[in-house]
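What follows is a set of notes on a single structure, which appears directly below.
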Amino acid sequence: MKIQLTLELEEHCREILNDRRIKGRVVILCEGGTDQRGRLSPQSYRQNDRLPDSNFYQACVPTWWRQQGKPLPKFVNSGDRSKVISTYFGLRELHACNPEASYLNPYHLFALVDLDLQSKRLDHYAYPDSEKIFHALYQDGRFRSDNLMLHHHILVTGLVHKEAY
């Protein structure tokens, strides 16, 4: 699978792959700005944990996870839904090209996107669009955790405006 990476997206992916803080951790790409000033820089990645979307999800990590001494997941803001999905595929592709130069474990890479009003088409994934993923993950409004690890690395939430919570 070969996807087209813009220069900005490739730079964003390389910053993530070269970040030592992802070594041995689950990496979850989420929606949200990559930097308050709109620029990508090493400093912006260090500030990422305080940006709204990654901060929201970090606060949702269960207490039992923290008590067991597991390394906390690394949440990385990657822009809007399209950019999060492009970053996911870009990271997988760049890691596959040169795994020795990456701290990423592709089995621990996930993308977390909101359902939104319009479905997002996916060309390189087991499900054709975000709506199909959402329906595979939820049944009668309940999360089907039995299905999670087997088929999904792109997770679609039912949250349209999580800032309201």
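Chain labels run A, B, ... following the order of the structure tokens; each chain numbers its residues from 1, and ligands are numbered from 1 in the order shown.
For region 62-114 of chain A, backbone-based DSSP assignment of strand (DSSP E) covers Lys74, Phe75, Val76, Asn77, Leu109, Phe110, Ala111, Leu112, Val113 and Asp114 of chain A.
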Rows by chain and residue number, region 88-150 of chain A within 8 Å of region 1-16 of chain A, shortest pair, only C-alpha atoms, as a tab-separated table:
```
residue	atom	partner	partner_atom	distance
A:Phe89	CA	A:Ile3	CA	7.6
A:Gly90	CA	A:Cys13	CA	6.5
A:Leu91	CA	A:Cys13	CA	5.5
A:Glu93	CA	A:Lys2	CA	7.4
A:Leu94	CA	A:Cys13	CA	7.8
A:His124	CA	A:Met1	CA	7.3
```
key: Residue neighbourhood Pro71 (chain A), 8 Å, only C-alpha atoms, exclusion window fewer than 4 positions, as a list in words   =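 Near neighbours after the sequence-gap exclusion: Gly24, Arg25 and Arg66 of chain A.
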Produce a file of the selected residues containing N, CA, C and O atoms, as a compact mmCIF listing (two decimals), in the first residue's frame.
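Result file follows (selection-v5.txt):
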```txt
# COMPACT_ATOMS: atom_id res chain seq x y z
N GLY A 24 7.52 1.70 23.67
CA GLY A 24 6.86 0.82 24.62
C GLY A 24 5.48 1.28 25.06
O GLY A 24 4.93 0.73 26.01
N ARG A 25 4.94 2.25 24.39
CA ARG A 25 3.62 2.79 24.79
C ARG A 25 2.62 2.63 23.67
O ARG A 25 2.96 2.58 22.49
N ARG A 66 -3.61 3.19 35.66
CA ARG A 66 -2.56 3.93 36.36
C ARG A 66 -2.05 3.15 37.58
O ARG A 66 -0.86 3.14 37.88
```
Contact residues around region 101-109 of chain A with only C-alpha atoms at 6 Å, ignoring same-chain residues under 6 positions, as a PyMOL selection string = chain A and resi 17-18+23+26-27
Filtering to all heavy atoms, could you give me those residues as a PDB file, in the first residue's frame?
```pdb
ATOM      1  N   LEU A  17       7.398   9.379  14.978  1.00  0.00           N
ATOM      2  CA  LEU A  17       8.238   8.177  14.928  1.00  0.00           C
ATOM      3  C   LEU A  17       9.551   8.344  15.678  1.00  0.00           C
ATOM      4  O   LEU A  17      10.077   7.381  16.239  1.00  0.00           O
ATOM      5  CB  LEU A  17       8.539   7.803  13.469  1.00  0.00           C
ATOM      6  CG  LEU A  17       7.363   7.319  12.633  1.00  0.00           C
ATOM      7  CD1 LEU A  17       7.770   7.179  11.178  1.00  0.00           C
ATOM      8  CD2 LEU A  17       6.825   6.011  13.176  1.00  0.00           C
ATOM      9  N   ASN A  18      10.085   9.560  15.694  1.00  0.00           N
ATOM     10  CA  ASN A  18      11.372   9.831  16.334  1.00  0.00           C
ATOM     11  C   ASN A  18      11.256  10.256  17.790  1.00  0.00           C
ATOM     12  O   ASN A  18      12.265  10.547  18.427  1.00  0.00           O
ATOM     13  CB  ASN A  18      12.130  10.906  15.550  1.00  0.00           C
ATOM     14  CG  ASN A  18      12.501  10.432  14.167  1.00  0.00           C
ATOM     15  OD1 ASN A  18      12.788   9.257  13.961  1.00  0.00           O
ATOM     16  ND2 ASN A  18      12.475  11.331  13.205  1.00  0.00           N
ATOM     17  N   LYS A  23       8.150   5.018  22.883  1.00  0.00           N
ATOM     18  CA  LYS A  23       8.742   3.674  22.965  1.00  0.00           C
ATOM     19  C   LYS A  23       8.041   2.863  24.061  1.00  0.00           C
ATOM     20  O   LYS A  23       7.948   3.278  25.214  1.00  0.00           O
ATOM     21  CB  LYS A  23      10.230   3.773  23.276  1.00  0.00           C
ATOM     22  CG  LYS A  23      10.931   2.438  23.226  1.00  0.00           C
ATOM     23  CD  LYS A  23      12.417   2.592  23.418  1.00  0.00           C
ATOM     24  CE  LYS A  23      13.071   1.235  23.310  1.00  0.00           C
ATOM     25  NZ  LYS A  23      14.524   1.328  23.381  1.00  0.00           N
ATOM     26  N   VAL A  26       1.371   2.591  24.059  1.00  0.00           N
ATOM     27  CA  VAL A  26       0.281   2.669  23.103  1.00  0.00           C
ATOM     28  C   VAL A  26       0.237   4.109  22.603  1.00  0.00           C
ATOM     29  O   VAL A  26       0.306   5.051  23.401  1.00  0.00           O
ATOM     30  CB  VAL A  26      -1.058   2.279  23.774  1.00  0.00           C
ATOM     31  CG1 VAL A  26      -2.225   2.549  22.857  1.00  0.00           C
ATOM     32  CG2 VAL A  26      -1.035   0.831  24.219  1.00  0.00           C
ATOM     33  N   VAL A  27       0.153   4.288  21.296  1.00  0.00           N
ATOM     34  CA  VAL A  27       0.078   5.617  20.701  1.00  0.00           C
ATOM     35  C   VAL A  27      -1.313   5.771  20.102  1.00  0.00           C
ATOM     36  O   VAL A  27      -1.742   4.951  19.285  1.00  0.00           O
ATOM     37  CB  VAL A  27       1.155   5.810  19.612  1.00  0.00           C
ATOM     38  CG1 VAL A  27       0.993   7.162  18.923  1.00  0.00           C
ATOM     39  CG2 VAL A  27       2.546   5.662  20.204  1.00  0.00           C
TER      40      VAL A  27
END
```
ask   = What is the distance between CA of Thr157 (chain A) and CA of Gly33 (chain A), in Å to one decimal?
value = 18.1 Å
message = Which residues are near Ala136 (chain A)? Cut-off 12 Å, only C-alpha atoms, ignore same chain within fewer than 3 positions. Put them as a list in words.
response = Ala126, Tyr127, Pro128, Asp129, Ser130, Glu131, Lys132, Ile133, Gln139, Asp140, Gly141, Arg142, Phe143, Arg144, Ser145, Asp146, Asn147, Leu148, Leu150, His151, His152, Ile154, Leu155, Val156 and Thr157 of chain A
Write the residues you've just listed into a file as a compact mmCIF listing (two decimals), in the first residue's frame, and include N, CA and C atoms for each of them.
```txt
# COMPACT_ATOMS: atom_id res chain seq x y z
N ALA A 126 -9.88 -2.34 6.52
CA ALA A 126 -10.82 -3.46 6.42
C ALA A 126 -12.26 -2.98 6.26
N TYR A 127 -12.57 -1.78 6.74
CA TYR A 127 -13.91 -1.22 6.62
C TYR A 127 -13.85 -0.06 5.64
N PRO A 128 -14.88 0.09 4.79
CA PRO A 128 -14.80 1.11 3.73
C PRO A 128 -14.97 2.55 4.19
N ASP A 129 -15.58 2.75 5.39
CA ASP A 129 -15.76 4.13 5.85
C ASP A 129 -15.93 4.18 7.36
N SER A 130 -15.90 5.39 7.91
CA SER A 130 -15.97 5.58 9.36
C SER A 130 -17.31 5.15 9.93
N GLU A 131 -18.37 5.29 9.17
CA GLU A 131 -19.70 4.87 9.64
C GLU A 131 -19.75 3.36 9.87
N LYS A 132 -19.16 2.60 8.97
CA LYS A 132 -19.13 1.13 9.11
C LYS A 132 -18.31 0.72 10.34
N ILE A 133 -17.23 1.43 10.59
CA ILE A 133 -16.42 1.14 11.79
C ILE A 133 -17.25 1.41 13.03
N GLN A 139 -23.05 -1.71 19.48
CA GLN A 139 -24.31 -2.41 19.24
C GLN A 139 -25.32 -1.94 20.28
N ASP A 140 -26.43 -1.42 19.82
CA ASP A 140 -27.47 -0.88 20.71
C ASP A 140 -26.90 0.17 21.66
N GLY A 141 -26.00 1.00 21.16
CA GLY A 141 -25.43 2.07 21.96
C GLY A 141 -24.36 1.62 22.95
N ARG A 142 -23.99 0.35 22.93
CA ARG A 142 -22.97 -0.17 23.84
C ARG A 142 -21.74 -0.60 23.06
N PHE A 143 -20.59 -0.33 23.66
CA PHE A 143 -19.31 -0.66 23.04
C PHE A 143 -19.09 -2.17 23.06
N ARG A 144 -18.71 -2.72 21.94
CA ARG A 144 -18.44 -4.15 21.84
C ARG A 144 -16.94 -4.38 21.98
N SER A 145 -16.44 -4.48 23.19
CA SER A 145 -15.00 -4.60 23.43
C SER A 145 -14.44 -5.92 22.93
N ASP A 146 -15.27 -6.94 22.75
CA ASP A 146 -14.79 -8.22 22.24
C ASP A 146 -14.24 -8.09 20.82
N ASN A 147 -14.72 -7.13 20.09
CA ASN A 147 -14.35 -6.95 18.70
C ASN A 147 -13.16 -6.01 18.52
N LEU A 148 -12.77 -5.31 19.56
CA LEU A 148 -11.80 -4.22 19.46
C LEU A 148 -10.44 -4.65 18.93
N LEU A 150 -9.27 -7.38 17.65
CA LEU A 150 -9.17 -8.23 16.48
C LEU A 150 -9.21 -7.47 15.17
N HIS A 151 -10.00 -6.41 15.11
CA HIS A 151 -10.25 -5.79 13.81
C HIS A 151 -10.02 -4.29 13.75
N HIS A 152 -9.85 -3.63 14.86
CA HIS A 152 -9.89 -2.17 14.82
C HIS A 152 -8.64 -1.51 15.38
N ILE A 154 -8.50 1.82 13.98
CA ILE A 154 -9.14 3.12 13.81
C ILE A 154 -10.45 3.03 14.57
N LEU A 155 -10.55 3.81 15.63
CA LEU A 155 -11.73 3.77 16.50
C LEU A 155 -12.56 5.02 16.26
N VAL A 156 -13.85 4.84 16.13
CA VAL A 156 -14.76 5.95 15.86
C VAL A 156 -15.67 6.12 17.07
N THR A 157 -15.62 7.29 17.68
CA THR A 157 -16.47 7.56 18.84
C THR A 157 -17.81 8.11 18.39
```
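Computed from the coordinates, the CA of Phe134 (chain A) to CA of Thr87 (chain A) distance equals 19.4 Å.
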key: Spatial neighbours of Ala111 (chain A), 7 Å, only C-alpha atoms, chain gap at least 6 places, as JSON, numbers by chain   = {"A": [28, 29, 30, 84, 85, 88, 153, 154, 155]}
Close residues, Val61 (chain A) itself excluded, 12 Å, only C-alpha atoms, min 3 positions apart in chain, as a CSV table (one decimal) with all heavy atoms, in the first residue's frame:
```
chain,number,residue,atom,x,y,z
A,26,VAL,N,1.4,2.6,24.1
A,26,VAL,CA,0.3,2.7,23.1
A,26,VAL,C,0.2,4.1,22.6
A,26,VAL,O,0.3,5.1,23.4
A,26,VAL,CB,-1.1,2.3,23.8
A,26,VAL,CG1,-2.2,2.5,22.9
A,26,VAL,CG2,-1.0,0.8,24.2
A,28,ILE,N,-2.0,6.8,20.5
A,28,ILE,CA,-3.4,7.1,20.1
A,28,ILE,C,-3.4,8.4,19.4
A,28,ILE,O,-3.2,9.4,20.1
A,28,ILE,CB,-4.4,6.9,21.2
A,28,ILE,CG1,-4.3,5.6,21.9
A,28,ILE,CG2,-5.8,7.2,20.7
A,28,ILE,CD1,-5.1,5.4,23.1
A,54,SER,N,-6.2,15.8,23.2
A,54,SER,CA,-5.3,14.8,23.9
A,54,SER,C,-5.5,14.9,25.4
A,54,SER,O,-5.5,13.8,26.1
A,54,SER,CB,-3.9,14.9,23.5
A,54,SER,OG,-3.3,16.1,23.9
A,55,ASN,N,-5.6,16.1,25.9
A,55,ASN,CA,-5.8,16.2,27.4
A,55,ASN,C,-7.2,15.6,27.8
A,55,ASN,O,-7.2,14.9,28.9
A,55,ASN,CB,-5.8,17.7,27.7
A,55,ASN,CG,-5.8,18.0,29.2
A,55,ASN,OD1,-6.0,17.1,30.0
A,55,ASN,ND2,-5.6,19.3,29.5
A,56,PHE,N,-8.2,15.8,27.0
A,56,PHE,CA,-9.5,15.2,27.3
A,56,PHE,C,-9.4,13.6,27.4
A,56,PHE,O,-9.8,13.0,28.4
A,56,PHE,CB,-10.5,15.5,26.2
A,56,PHE,CG,-11.9,14.8,26.3
A,56,PHE,CD1,-12.8,15.3,27.2
A,56,PHE,CD2,-12.1,13.7,25.6
A,56,PHE,CE1,-14.1,14.6,27.3
A,56,PHE,CE2,-13.3,13.0,25.7
A,56,PHE,CZ,-14.3,13.5,26.6
A,57,TYR,N,-8.8,13.0,26.4
A,57,TYR,CA,-8.7,11.6,26.4
A,57,TYR,C,-7.7,11.1,27.5
A,57,TYR,O,-7.9,10.0,28.1
A,57,TYR,CB,-8.2,11.1,25.0
A,57,TYR,CG,-9.3,11.2,24.0
A,57,TYR,CD1,-9.1,12.0,22.8
A,57,TYR,CD2,-10.5,10.7,24.2
A,57,TYR,CE1,-10.1,12.1,21.9
A,57,TYR,CE2,-11.5,10.8,23.2
A,57,TYR,CZ,-11.3,11.5,22.1
A,57,TYR,OH,-12.3,11.7,21.2
A,58,GLN,N,-6.7,11.8,27.8
A,58,GLN,CA,-5.7,11.4,28.8
A,58,GLN,C,-6.4,11.4,30.2
A,58,GLN,O,-6.2,10.5,31.0
A,58,GLN,CB,-4.6,12.4,28.9
A,58,GLN,CG,-3.4,11.8,29.6
A,58,GLN,CD,-2.1,12.7,29.3
A,58,GLN,OE1,-2.1,13.5,28.4
A,58,GLN,NE2,-1.1,12.4,30.1
A,64,TRP,N,-7.6,2.2,37.2
A,64,TRP,CA,-6.9,0.8,37.3
A,64,TRP,C,-5.7,0.8,36.4
A,64,TRP,O,-4.7,0.1,36.8
A,64,TRP,CB,-7.9,-0.3,37.0
A,64,TRP,CG,-8.4,-0.4,35.7
A,64,TRP,CD1,-9.6,0.1,35.3
A,64,TRP,CD2,-7.8,-0.9,34.5
A,64,TRP,NE1,-9.8,-0.1,33.9
A,64,TRP,CE2,-8.7,-0.7,33.4
A,64,TRP,CE3,-6.6,-1.5,34.2
A,64,TRP,CZ2,-8.5,-1.1,32.1
A,64,TRP,CZ3,-6.3,-1.9,32.9
A,64,TRP,CH2,-7.3,-1.7,31.9
A,65,TRP,N,-5.7,1.4,35.3
A,65,TRP,CA,-4.5,1.4,34.3
A,65,TRP,C,-3.3,2.1,35.0
A,65,TRP,O,-2.2,1.6,35.0
A,65,TRP,CB,-4.9,2.1,33.1
A,65,TRP,CG,-3.8,2.1,32.0
A,65,TRP,CD1,-2.5,2.4,32.1
A,65,TRP,CD2,-4.0,1.6,30.6
A,65,TRP,NE1,-1.9,2.2,30.9
A,65,TRP,CE2,-2.8,1.7,30.0
A,65,TRP,CE3,-5.1,1.1,29.9
A,65,TRP,CZ2,-2.6,1.4,28.6
A,65,TRP,CZ3,-4.9,0.8,28.6
A,65,TRP,CH2,-3.7,0.9,28.0
A,66,ARG,N,-3.6,3.2,35.7
A,66,ARG,CA,-2.6,3.9,36.4
A,66,ARG,C,-2.0,3.2,37.6
A,66,ARG,O,-0.9,3.1,37.9
A,66,ARG,CB,-3.1,5.3,36.8
A,66,ARG,CG,-3.5,6.2,35.7
A,66,ARG,CD,-4.2,7.4,36.2
A,66,ARG,NE,-4.9,8.1,35.2
A,66,ARG,CZ,-4.4,9.1,34.5
A,66,ARG,NH1,-3.2,9.6,34.7
A,66,ARG,NH2,-5.1,9.7,33.6
A,67,GLN,N,-3.0,2.5,38.3
A,67,GLN,CA,-2.6,1.8,39.5
A,67,GLN,C,-1.7,0.5,39.2
A,67,GLN,O,-1.0,0.1,40.1
A,67,GLN,CB,-3.8,1.4,40.3
A,67,GLN,CG,-4.5,2.6,40.9
A,67,GLN,CD,-5.9,2.2,41.5
A,67,GLN,OE1,-6.4,1.1,41.2
A,67,GLN,NE2,-6.4,3.1,42.3
A,70,LYS,N,1.2,0.5,34.5
A,70,LYS,CA,1.4,0.5,33.0
A,70,LYS,C,1.7,1.8,32.5
A,70,LYS,O,1.2,2.8,33.0
A,70,LYS,CB,0.1,0.0,32.3
A,70,LYS,CG,-0.3,-1.4,32.7
A,70,LYS,CD,-1.5,-1.8,31.9
A,70,LYS,CE,-1.9,-3.3,32.3
A,70,LYS,NZ,-3.0,-3.8,31.4
A,71,PRO,N,2.6,1.9,31.5
A,71,PRO,CA,2.8,3.2,30.9
A,71,PRO,C,1.6,3.8,30.3
A,71,PRO,O,0.8,3.0,29.6
A,71,PRO,CB,3.9,2.9,29.8
A,71,PRO,CG,3.9,1.5,29.6
A,71,PRO,CD,3.3,0.8,30.8
A,72,LEU,N,1.3,5.0,30.5
A,72,LEU,CA,0.1,5.6,30.0
A,72,LEU,C,0.2,5.7,28.5
A,72,LEU,O,1.2,5.9,27.9
A,72,LEU,CB,-0.1,7.0,30.6
A,72,LEU,CG,-0.5,7.1,32.1
A,72,LEU,CD1,-0.5,8.5,32.5
A,72,LEU,CD2,-1.8,6.4,32.3
A,73,PRO,N,-1.0,5.6,27.8
A,73,PRO,CA,-1.0,5.8,26.4
A,73,PRO,C,-0.5,7.2,26.0
A,73,PRO,O,-0.7,8.1,26.8
A,73,PRO,CB,-2.4,5.6,26.0
A,73,PRO,CG,-3.1,5.0,27.1
A,73,PRO,CD,-2.3,5.3,28.3
A,74,LYS,N,0.1,7.3,24.9
A,74,LYS,CA,0.6,8.6,24.4
A,74,LYS,C,-0.5,9.1,23.4
A,74,LYS,O,-0.6,8.5,22.3
A,74,LYS,CB,1.9,8.5,23.8
A,74,LYS,CG,2.5,9.8,23.2
A,74,LYS,CD,2.8,10.8,24.3
A,74,LYS,CE,3.4,12.0,23.6
A,74,LYS,NZ,3.2,13.2,24.4
A,75,PHE,N,-1.2,10.2,23.8
A,75,PHE,CA,-2.2,10.8,22.9
A,75,PHE,C,-1.5,11.9,22.1
A,75,PHE,O,-0.8,12.7,22.6
A,75,PHE,CB,-3.4,11.3,23.7
A,75,PHE,CG,-4.1,10.3,24.4
A,75,PHE,CD1,-3.9,9.9,25.7
A,75,PHE,CD2,-5.2,9.6,23.7
A,75,PHE,CE1,-4.6,8.9,26.3
A,75,PHE,CE2,-5.9,8.6,24.3
A,75,PHE,CZ,-5.6,8.3,25.7
```
request  = Would you please extract all alpha helix (DSSP H) residues from region 10-133 of chain A, as assigned by DSSP on the backbone, and give them as a ChimeraX atom specification?
outcome  = /A:10-17,42-47,52-59,63-67,81-97,130-133
Can you write out the residues you just picked, keeping C-alpha atoms, as a compact mmCIF listing (two decimals), in the first residue's frame?
```
# COMPACT_ATOMS: atom_id res chain seq x y z
CA GLU A 10 5.40 13.48 6.44
CA GLU A 11 7.12 15.88 8.85
CA HIS A 12 4.37 15.31 11.43
CA CYS A 13 4.73 11.52 11.07
CA ARG A 14 8.53 11.63 11.37
CA GLU A 15 8.29 13.75 14.54
CA ILE A 16 6.06 11.09 16.07
CA LEU A 17 8.24 8.18 14.93
CA PRO A 42 9.77 19.67 18.79
CA GLN A 43 8.46 22.01 21.48
CA SER A 44 4.88 21.66 20.20
CA TYR A 45 5.07 17.88 20.58
CA ARG A 46 6.18 18.26 24.19
CA GLN A 47 3.20 20.57 24.79
CA PRO A 52 -7.63 20.09 24.45
CA ASP A 53 -8.30 16.78 22.65
CA SER A 54 -5.34 14.77 23.90
CA ASN A 55 -5.85 16.24 27.37
CA PHE A 56 -9.52 15.15 27.31
CA TYR A 57 -8.65 11.56 26.39
CA GLN A 58 -5.73 11.41 28.80
CA ALA A 59 -8.13 12.30 31.62
CA THR A 63 -7.66 4.60 37.34
CA TRP A 64 -6.89 0.85 37.30
CA TRP A 65 -4.52 1.40 34.35
CA ARG A 66 -2.56 3.93 36.36
CA GLN A 67 -2.58 1.77 39.52
CA ARG A 81 -10.48 13.67 11.21
CA SER A 82 -8.97 13.36 7.71
CA LYS A 83 -5.51 14.30 8.96
CA VAL A 84 -5.73 11.84 11.87
CA ILE A 85 -6.55 9.02 9.47
CA SER A 86 -3.85 10.13 7.02
CA THR A 87 -1.36 10.30 9.90
CA TYR A 88 -2.30 6.77 10.96
CA PHE A 89 -1.61 5.35 7.48
CA GLY A 90 1.47 7.57 7.06
CA LEU A 91 2.98 6.32 10.31
CA ARG A 92 2.41 2.71 9.35
CA GLU A 93 3.96 3.23 5.93
CA LEU A 94 7.00 5.20 7.13
CA HIS A 95 7.60 2.70 9.96
CA ALA A 96 7.44 -0.21 7.49
CA CYS A 97 10.02 1.51 5.26
CA SER A 130 -15.97 5.58 9.36
CA GLU A 131 -19.70 4.87 9.64
CA LYS A 132 -19.13 1.13 9.11
CA ILE A 133 -16.42 1.14 11.79
```
inquiry  = One number please: CA of Gly79 (chain A) to CA of Leu122 (chain A), in Å, one decimal.
reply    =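 Separation between CA of Gly79 (chain A) and CA of Leu122 (chain A): 17.0 Å.
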